[in-house]
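> Have a peek at work.txt (compact mmCIF, C-alpha atoms).
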```txt
# COMPACT_ATOMS: atom_id res chain seq x y z
CA ARG Z 1 66.28 -31.34 15.90
CA THR Z 2 66.27 -28.89 18.76
CA LEU Z 3 63.19 -28.17 20.83
CA ASP Z 4 63.91 -24.46 21.37
CA GLY Z 5 64.01 -23.32 17.78
CA SER Z 6 67.78 -22.83 17.69
CA ARG Z 7 68.26 -24.42 14.26
CA HIS Z 8 67.55 -21.99 11.43
CA LEU Z 9 65.91 -23.25 8.25
CA ALA Z 10 68.44 -23.50 5.43
CA LEU Z 11 66.22 -23.46 2.35
CA SER Z 12 67.57 -23.24 -1.15
CA GLU Z 13 65.78 -21.36 -3.91
CA ALA Z 14 64.87 -24.75 -5.40
CA ASP Z 15 63.25 -25.81 -2.11
CA VAL Z 16 61.03 -22.74 -2.07
CA THR Z 17 60.14 -22.99 -5.75
CA SER Z 18 59.24 -26.68 -5.66
CA ASN Z 19 57.34 -26.72 -2.35
CA PRO Z 20 54.13 -24.64 -2.16
CA ALA Z 21 54.25 -24.84 1.64
CA LEU Z 22 57.37 -22.63 1.59
CA VAL Z 23 57.70 -18.99 0.56
CA ALA Z 24 60.59 -16.72 -0.33
CA SER Z 25 61.35 -13.87 2.10
CA ALA Z 26 59.78 -15.86 4.93
CA THR Z 27 59.10 -14.06 8.19
CA VAL Z 28 57.72 -17.12 10.00
CA GLU Z 29 59.26 -20.58 9.59
CA LEU Z 30 58.50 -24.05 10.92
CA ASP Z 31 60.79 -27.01 10.28
CA ASP Z 32 59.55 -30.54 11.04
CA VAL Z 33 57.46 -29.26 13.94
CA SER Z 34 55.41 -31.63 16.07
CA LYS Z 35 53.53 -31.10 19.29
CA TRP Z 36 52.02 -33.78 21.44
CA PHE Z 37 50.18 -33.68 24.75
CA GLY Z 38 50.64 -37.07 26.37
CA GLN Z 39 49.29 -39.58 23.84
CA LYS Z 40 47.52 -36.93 21.75
CA VAL Z 41 49.38 -35.60 18.72
CA ALA Z 42 48.15 -32.07 17.95
CA VAL Z 43 50.65 -31.15 15.21
CA SER Z 44 52.71 -33.66 13.26
CA ASN Z 45 55.90 -33.09 11.25
CA LEU Z 46 54.86 -29.70 9.92
CA THR Z 47 57.28 -27.86 7.63
CA CYS Z 48 56.05 -24.59 6.15
CA SER Z 49 56.71 -20.87 6.09
CA PHE Z 50 54.80 -17.61 5.89
CA GLY Z 51 55.64 -14.27 4.36
CA PRO Z 52 54.06 -10.90 3.55
CA GLY Z 53 50.37 -11.03 2.60
CA VAL Z 54 47.39 -12.90 4.01
CA THR Z 55 47.67 -16.65 4.51
CA GLY Z 56 44.62 -18.65 5.52
CA LEU Z 57 45.25 -21.44 8.02
CA LEU Z 58 42.35 -23.72 7.25
CA GLY Z 59 41.20 -26.79 9.14
CA PRO Z 60 38.27 -28.28 11.04
CA ASN Z 61 37.96 -27.77 14.78
CA GLY Z 62 40.63 -29.84 16.50
CA ALA Z 63 42.94 -29.88 13.46
CA GLY Z 64 45.84 -28.25 15.35
CA LYS Z 65 45.49 -24.63 14.18
CA THR Z 66 45.40 -23.06 17.65
CA THR Z 67 48.29 -25.21 18.82
CA LEU Z 68 50.31 -24.06 15.81
CA LEU Z 69 49.62 -20.37 16.52
CA ARG Z 70 50.55 -20.82 20.18
CA MET Z 71 53.88 -22.31 19.13
CA LEU Z 72 54.50 -19.36 16.80
CA THR Z 73 54.04 -16.96 19.70
CA GLY Z 74 56.19 -19.03 22.05
CA LEU Z 75 53.26 -19.66 24.41
CA ILE Z 76 54.03 -23.38 24.13
CA ARG Z 77 57.15 -25.21 23.04
CA PRO Z 78 57.21 -27.65 20.12
CA SER Z 79 57.84 -31.24 21.17
CA GLN Z 80 60.05 -31.58 18.12
CA GLY Z 81 61.38 -29.29 15.44
CA SER Z 82 62.22 -25.63 15.00
CA VAL Z 83 60.07 -22.47 15.04
CA ARG Z 84 61.41 -19.06 14.01
CA VAL Z 85 59.68 -15.70 13.87
CA LEU Z 86 61.67 -12.95 12.16
CA GLY Z 87 64.67 -15.24 12.35
CA VAL Z 88 64.52 -15.98 16.09
CA TRP Z 89 62.76 -18.21 18.61
CA PRO Z 90 60.43 -15.85 20.54
CA ARG Z 91 60.92 -17.49 23.93
CA THR Z 92 64.66 -16.80 23.86
CA THR Z 93 64.38 -13.37 22.18
CA PRO Z 94 61.42 -11.59 23.80
CA SER Z 95 62.14 -8.36 21.89
CA VAL Z 96 60.49 -9.95 18.83
CA TYR Z 97 57.10 -9.67 20.55
CA ALA Z 98 57.09 -5.96 19.71
CA ASP Z 99 56.57 -7.00 16.09
CA VAL Z 100 53.92 -9.68 16.74
CA GLY Z 101 50.21 -9.19 17.37
CA LEU Z 102 47.94 -12.05 18.48
CA VAL Z 103 44.16 -12.30 18.48
CA PRO Z 104 43.38 -15.47 20.47
CA GLU Z 105 40.21 -17.47 19.97
CA GLU Z 106 39.41 -17.30 23.69
CA ALA Z 107 37.47 -14.34 25.12
CA ALA Z 108 40.71 -12.90 26.60
CA VAL Z 109 39.25 -9.52 27.59
CA TYR Z 110 38.80 -7.70 30.90
CA PRO Z 111 35.02 -7.15 31.23
CA GLY Z 112 35.44 -4.36 33.79
CA LEU Z 113 37.42 -2.21 31.35
CA THR Z 114 36.07 -0.10 28.54
CA ALA Z 115 37.27 -0.99 25.04
CA ARG Z 116 39.49 2.12 25.05
CA GLU Z 117 41.02 1.19 28.41
CA TYR Z 118 41.60 -2.37 27.20
CA VAL Z 119 43.39 -1.25 24.02
CA ARG Z 120 45.32 1.40 25.94
CA TYR Z 121 46.46 -1.26 28.41
CA ALA Z 122 47.76 -3.37 25.50
CA ALA Z 123 49.60 -0.32 24.16
CA THR Z 124 51.21 0.32 27.54
CA LEU Z 125 52.33 -3.29 27.89
CA SER Z 126 53.84 -3.13 24.38
CA GLY Z 127 55.85 -0.03 25.23
CA VAL Z 128 54.27 2.06 22.48
CA PRO Z 129 55.79 5.59 22.57
CA ASP Z 130 52.54 7.57 22.17
CA VAL Z 131 49.96 5.40 23.92
CA ASP Z 132 46.95 7.67 23.38
CA ALA Z 133 47.59 8.18 19.65
CA ALA Z 134 48.21 4.47 19.09
CA THR Z 135 45.02 3.59 20.98
CA THR Z 136 42.94 5.97 18.91
CA ARG Z 137 44.40 4.66 15.63
CA ALA Z 138 43.74 1.02 16.57
CA ILE Z 139 40.16 1.70 17.65
CA GLU Z 140 39.45 3.60 14.45
CA ALA Z 141 41.01 0.82 12.36
CA VAL Z 142 38.38 -1.65 13.58
CA ASP Z 143 35.54 0.89 13.43
CA LEU Z 144 34.91 0.80 17.17
CA GLY Z 145 34.94 4.55 17.82
CA SER Z 146 31.38 5.10 19.06
CA PRO Z 147 31.19 2.33 21.70
CA ALA Z 148 34.88 2.55 22.70
CA ASP Z 149 34.06 4.08 26.09
CA ARG Z 150 31.58 1.39 27.06
CA LYS Z 151 32.61 -1.53 29.24
CA LEU Z 152 33.50 -4.77 27.48
CA ALA Z 153 31.06 -6.65 29.74
CA GLY Z 154 28.21 -5.17 27.72
CA PHE Z 155 29.73 -5.90 24.33
CA SER Z 156 28.42 -8.52 21.92
CA LYS Z 157 30.83 -11.26 20.90
CA GLY Z 158 31.46 -9.55 17.56
CA MET Z 159 32.29 -6.25 19.27
CA ARG Z 160 34.66 -8.01 21.67
CA GLN Z 161 36.37 -9.57 18.66
CA ARG Z 162 36.95 -6.11 17.20
CA ALA Z 163 38.34 -4.91 20.53
CA LYS Z 164 40.77 -7.85 20.54
CA VAL Z 165 41.89 -7.02 17.00
CA ALA Z 166 42.43 -3.39 18.03
CA ALA Z 167 44.56 -4.54 20.99
CA ALA Z 168 46.67 -6.67 18.64
CA LEU Z 169 47.12 -3.79 16.19
CA VAL Z 170 47.99 -1.12 18.74
CA SER Z 171 51.74 -1.85 18.56
CA ASP Z 172 51.70 -1.67 14.74
CA PRO Z 173 53.05 -5.26 14.41
CA GLN Z 174 54.78 -6.66 11.36
CA ILE Z 175 53.23 -10.08 12.01
CA LEU Z 176 49.57 -10.56 12.91
CA LEU Z 177 48.28 -13.94 14.12
CA LEU Z 178 44.49 -14.24 14.11
CA ASP Z 179 42.72 -17.26 15.60
CA GLU Z 180 39.09 -17.37 14.36
CA PRO Z 181 38.92 -13.54 14.39
CA LEU Z 182 35.49 -13.28 12.75
CA ASN Z 183 33.61 -15.45 15.25
CA GLY Z 184 30.40 -13.74 16.33
CA THR Z 185 30.70 -10.80 13.96
CA ASP Z 186 27.73 -9.65 11.92
CA PRO Z 187 28.00 -9.31 8.10
CA VAL Z 188 28.96 -5.61 8.24
CA GLN Z 189 31.61 -6.17 10.93
CA ARG Z 190 32.91 -9.20 9.05
CA LEU Z 191 33.31 -7.30 5.79
CA HIS Z 192 35.11 -4.46 7.55
CA LEU Z 193 37.59 -6.82 9.23
CA ILE Z 194 38.19 -8.79 6.03
CA ASN Z 195 39.00 -5.55 4.21
CA LEU Z 196 41.27 -4.51 7.09
CA PHE Z 197 43.22 -7.79 7.01
CA GLN Z 198 43.61 -7.56 3.24
CA ARG Z 199 44.88 -3.99 3.54
CA LEU Z 200 47.41 -5.00 6.21
CA GLY Z 201 48.62 -7.84 4.02
CA GLY Z 202 48.87 -5.46 1.07
CA GLU Z 203 51.11 -3.21 3.17
CA GLY Z 204 53.65 -6.03 3.41
CA ARG Z 205 52.71 -7.40 6.81
CA THR Z 206 52.48 -11.12 7.46
CA VAL Z 207 48.87 -11.90 8.35
CA ILE Z 208 48.01 -15.48 9.34
CA VAL Z 209 44.29 -16.10 9.74
CA SER Z 210 43.08 -19.35 11.28
CA SER Z 211 39.52 -20.32 10.43
CA HIS Z 212 37.21 -23.26 9.78
CA ILE Z 213 34.80 -20.99 7.85
CA LEU Z 214 35.64 -21.67 4.22
CA ASP Z 215 34.08 -18.58 2.71
CA GLU Z 216 36.06 -16.32 5.05
CA VAL Z 217 39.38 -17.89 4.07
CA ASP Z 218 38.46 -17.86 0.39
CA ARG Z 219 37.63 -14.14 0.48
CA MET Z 220 40.59 -12.80 2.43
CA SER Z 221 43.57 -15.07 1.69
CA ASP Z 222 46.20 -14.91 -1.02
CA ARG Z 223 47.38 -18.38 -0.01
CA VAL Z 224 45.99 -21.30 1.96
CA LEU Z 225 47.56 -23.93 4.19
CA ALA Z 226 45.08 -26.71 4.95
CA ILE Z 227 45.68 -28.74 8.12
CA VAL Z 228 43.85 -31.98 8.80
CA ASP Z 229 44.54 -34.08 11.92
CA GLY Z 230 47.63 -32.02 12.69
CA ARG Z 231 49.24 -32.61 9.31
CA LEU Z 232 49.68 -30.34 6.32
CA ALA Z 233 47.15 -31.56 3.76
CA ALA Z 234 47.61 -28.95 1.03
CA ALA Z 235 49.25 -25.59 0.36
CA GLY Z 236 49.00 -22.88 -2.28
CA ASP Z 237 46.18 -20.85 -3.76
CA VAL Z 238 42.82 -22.56 -4.18
CA VAL Z 239 43.13 -22.94 -7.95
CA ALA Z 240 46.58 -24.56 -7.67
CA ILE Z 241 45.45 -26.94 -4.93
CA ARG Z 242 42.41 -28.01 -6.93
CA ARG Z 243 44.53 -28.48 -10.05
CA ALA Z 244 46.91 -30.73 -8.14
CA MET Z 245 44.07 -33.04 -7.13
CA SER Z 246 44.28 -34.91 -10.41
CA ASP Z 247 42.78 -38.11 -8.99
CA ILE Z 248 39.26 -36.67 -8.83
CA PRO Z 249 37.30 -35.13 -11.72
CA TYR Z 250 35.97 -31.60 -11.88
CA ARG Z 251 32.20 -31.17 -11.61
CA VAL Z 252 30.58 -28.57 -13.85
CA ARG Z 253 26.97 -27.42 -13.73
CA ILE Z 254 25.55 -26.80 -17.20
CA GLU Z 255 22.07 -25.43 -17.86
CA ALA Z 256 20.63 -25.59 -21.37
CA ASP Z 257 17.21 -25.64 -23.02
CA ALA Z 258 17.77 -29.15 -24.43
CA ASN Z 259 19.71 -30.66 -21.58
CA ARG Z 260 18.90 -34.34 -22.13
CA VAL Z 261 19.92 -34.19 -25.79
CA LEU Z 262 23.05 -32.31 -24.78
CA ALA Z 263 23.78 -34.88 -22.05
CA ALA Z 264 23.63 -37.76 -24.50
CA ARG Z 265 25.99 -35.97 -26.88
CA LEU Z 266 28.45 -34.99 -24.15
CA LEU Z 267 28.76 -38.63 -23.06
CA GLU Z 268 30.33 -39.32 -26.45
CA GLU Z 269 33.22 -36.96 -25.64
CA ALA Z 270 36.39 -38.68 -24.38
CA LEU Z 271 37.11 -35.93 -21.85
CA VAL Z 272 33.70 -36.39 -20.19
CA HIS Z 273 33.73 -38.98 -17.39
CA GLY Z 274 30.03 -38.83 -16.61
CA VAL Z 275 26.85 -36.78 -16.83
CA SER Z 276 23.94 -36.67 -14.39
CA VAL Z 277 20.72 -34.68 -14.43
CA ASP Z 278 20.04 -32.37 -11.47
CA GLY Z 279 16.61 -30.85 -12.01
CA SER Z 280 16.95 -28.54 -14.99
CA ALA Z 281 20.75 -28.76 -15.00
CA LEU Z 282 23.44 -31.23 -16.02
CA ILE Z 283 26.34 -32.13 -13.74
CA VAL Z 284 29.26 -33.02 -15.99
CA GLU Z 285 32.45 -34.65 -14.68
CA THR Z 286 35.74 -34.10 -16.47
CA SER Z 287 39.47 -34.28 -15.80
CA ASP Z 288 40.17 -31.28 -18.03
CA LEU Z 289 38.08 -28.25 -17.11
CA SER Z 290 39.65 -25.96 -19.70
CA ALA Z 291 39.17 -28.40 -22.56
CA LEU Z 292 35.55 -28.97 -21.56
CA GLY Z 293 34.94 -25.22 -21.57
CA GLN Z 294 36.25 -25.02 -25.11
CA ARG Z 295 34.35 -28.07 -26.34
CA VAL Z 296 30.87 -27.48 -24.88
CA PRO Z 297 29.90 -24.55 -27.18
CA ALA Z 298 30.67 -26.63 -30.30
CA VAL Z 299 28.72 -29.61 -28.97
CA ALA Z 300 25.78 -27.35 -28.08
CA ARG Z 301 25.69 -25.99 -31.63
CA GLU Z 302 25.68 -29.55 -33.02
CA VAL Z 303 22.51 -30.47 -31.09
CA ASN Z 304 20.95 -27.01 -31.36
CA ALA Z 305 21.04 -26.41 -27.60
CA ARG Z 306 21.38 -22.97 -26.02
CA ILE Z 307 23.72 -22.86 -23.00
CA THR Z 308 22.64 -20.46 -20.24
CA THR Z 309 24.99 -21.60 -17.43
CA PHE Z 310 28.47 -23.11 -17.32
CA GLN Z 311 29.59 -23.11 -13.70
CA PRO Z 312 32.38 -25.21 -12.11
CA GLU Z 313 30.91 -26.53 -8.88
CA ASP Z 314 34.05 -27.67 -7.14
CA ALA Z 315 36.72 -25.11 -7.96
CA SER Z 316 35.94 -23.51 -4.60
CA LEU Z 317 37.74 -23.82 -1.30
CA GLU Z 318 34.75 -25.69 0.12
CA SER Z 319 35.08 -28.54 -2.35
CA VAL Z 320 38.85 -28.71 -1.92
CA PHE Z 321 38.51 -28.83 1.85
CA ARG Z 322 35.73 -31.42 1.75
CA TYR Z 323 37.94 -33.64 -0.36
CA LEU Z 324 41.00 -33.22 1.88
CA VAL Z 325 39.07 -34.08 5.03
CA ARG Z 326 37.44 -37.10 3.38
CA ARG Z 327 40.82 -38.33 2.18
```
Once more with this new file: its structure as structure tokens, please.

Amino acid sequence: RTLDGSRHLALSEADVTSNPALVASATVELDDVSKWFGQKVAVSNLTCSFGPGVTGLLGPNGAGKTTLLRMLTGLIRPSQGSVRVLGVWPRTTPSVYADVGLVPEEAAVYPGLTAREYVRYAATLSGVPDVDAATTRAIEAVDLGSPADRKLAGFSKGMRQRAKVAAALVSDPQILLLDEPLNGTDPVQRLHLINLFQRLGGEGRTVIVSSHILDEVDRMSDRVLAIVDGRLAAAGDVVAIRRAMSDIPYRVRIEADANRVLAARLLEEALVHGVSVDGSALIVETSDLSALGQRVPAVAREVNARITTFQPEDASLESVFRYLVRR
């Protein structure tokens, strides 16, 4: 293993097909990457890749997400393994930075500048041909037009976040790395940015969004990589990850007008592992969600119960993440 990213990933079609952490047409690749700071291991033996679309990088605070993004940008070197962005290691091929935009978690703004001056400065540093046009487009993309000529010192945290996103977009990058980009934003700002990231991913850009807010990742990502204690804990879409967790049962919330009679009858079904009463609802555990969904209507008819709710409680990213962290 080299430490400067000089070894290119040689992945067969079978590798990509069989490993949900890998994608075809990858634009960002990590091969057995680790990073340690003294005795602290921040990232451990991480092999994964990213391609066009929005990928959520999910993990609790301290999981290694920021360290991973810093390695992707070349800000820090991996202690072990190989990192490639658009086929090269950024630190040895600086020209790749023209195609990479970064929104760091830190404040990273100049409070004495206006938002327009800040974005224009980023455009100048990136060597954008038409600085003024690029600045205007980036500011409009994040819906920051009205306050763009106010100084960043007077901005709320959510407004500063939008200014940082505009600065990252001003060079029209192919790859966008976002570290907790929705921190401090209000619901309207958050929705606008989520829609923006989804649109960028839909245009074929590689958008990597780091977050510990489960609902954000669930709403904006086509794919999720979950990192716990610096290691890759799961990869794929939420449904696929949950389906792969075959060692724990699904929990389904069922509401009916004769729930205790229905509960007793459901316990007779082989696919039902357990039933508990939660107020006016039943919490049913099963290893086969689809089969339960097909069986419950017939059972309800047998006991003359009317089903008003059938809702899987743990097919969400929150339940998946809770399980991964606990494990």
> By how many Å are atom CA of Pro249 of chain Z and atom CA of Pro312 of chain Z apart?
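So the answer is 11.1 Å.
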> Measuring atom to atom with all atoms listed in the file, identify which of Z:Thr27, Z:Gln189, Z:Ser171, Z:Ser126 is nearest to Pro94 of chain Z.
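Comparing Z:Thr27, Z:Gln189, Z:Ser171, Z:Ser126 against Pro94 of chain Z, the winner is Z:Ser126.
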> Can you measure atom CA of Glu268 of chain Z to atom CA of Glu313 of chain Z for me? One decimal in Å is fine.
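About the pair atom CA of Glu268 of chain Z and atom CA of Glu313 of chain Z: they are 21.7 Å apart.
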> Show me, as an NGL selection string, the residues that have an atom within 10 Å of Gln311 of chain Z when counting all atoms listed in the file, minus same-chain residues fewer than 4 positions from it.
:Z and (251-255 or 283 or 293 or 315)
> What separation in Å, quoted to one decimal, exists between atom CA of Val41 of chain Z and atom CA of Val217 of chain Z?
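Computed distance, atom CA of Val41 of chain Z to atom CA of Val217 of chain Z, equals 25.1 Å.
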> Which residues, written as number ranges by chain, have at least one atom at most 8 Å from segment 54-66 of chain Z, with all atoms listed in the file counted and residues fewer than 3 positions away on the same chain left out?
Z: 42-43, 50, 69-70, 105, 179, 197-198, 201, 206-212, 214, 217, 220-230
> For a cutoff of 8 Å around the file-coordinate point (38.9, -36.0, -17.4), which residues qualify once you count all atoms listed in the file? I'd like the result as a VMD selection string.
chain Z and resid 249 to 250 270 to 273 285 to 289
> Excluding Leu176 of chain Z and any residue of its chain fewer than 2 positions from it, enumerate the residues within 9 Å of it, using all atoms listed in the file, and give them as a ChimeraX atom specification.
/Z:99-103,168-169,173-174,178,200,205-209
> Quick one: residues within 7 Å of segment 28-33 of chain Z, only C-alpha atoms, excluding same-chain residues fewer than 6 positions away - as a PyMOL selection string?
chain Z and resi 9+44-51+78+80-86
> Which residues are close to Asn304 of chain Z, i.e. within 12 Å by all atoms listed in the file, leaving aside same-chain residues fewer than 5 positions away? Reply as a PyMOL selection string.
chain Z and resi 256-262+265+296-299
> Considering all atoms listed in the file, can you say which of Z:Val165, Z:Ala141, Z:Ala122, Z:Ile76 comes closest to Ala107 of chain Z?
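Ranked by minimum distance to Ala107 of chain Z, first place goes to Z:Val165.
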> For a cut-off of 9 Å around (38.0, -10.9, 26.4), file coordinates, pick out all residues using all atoms listed in the file and list them as a ChimeraX atom specification.
/Z:106-111,152-153,160-161,163-164
> Which residue gives the smallest distance to Glu140 of chain Z among Z:Arg91, Z:Arg162, Z:Lys40, Z:Arg219, with only C-alpha atoms counted?
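Among Z:Arg91, Z:Arg162, Z:Lys40, Z:Arg219, it is Z:Arg162 that comes nearest to Glu140 of chain Z.
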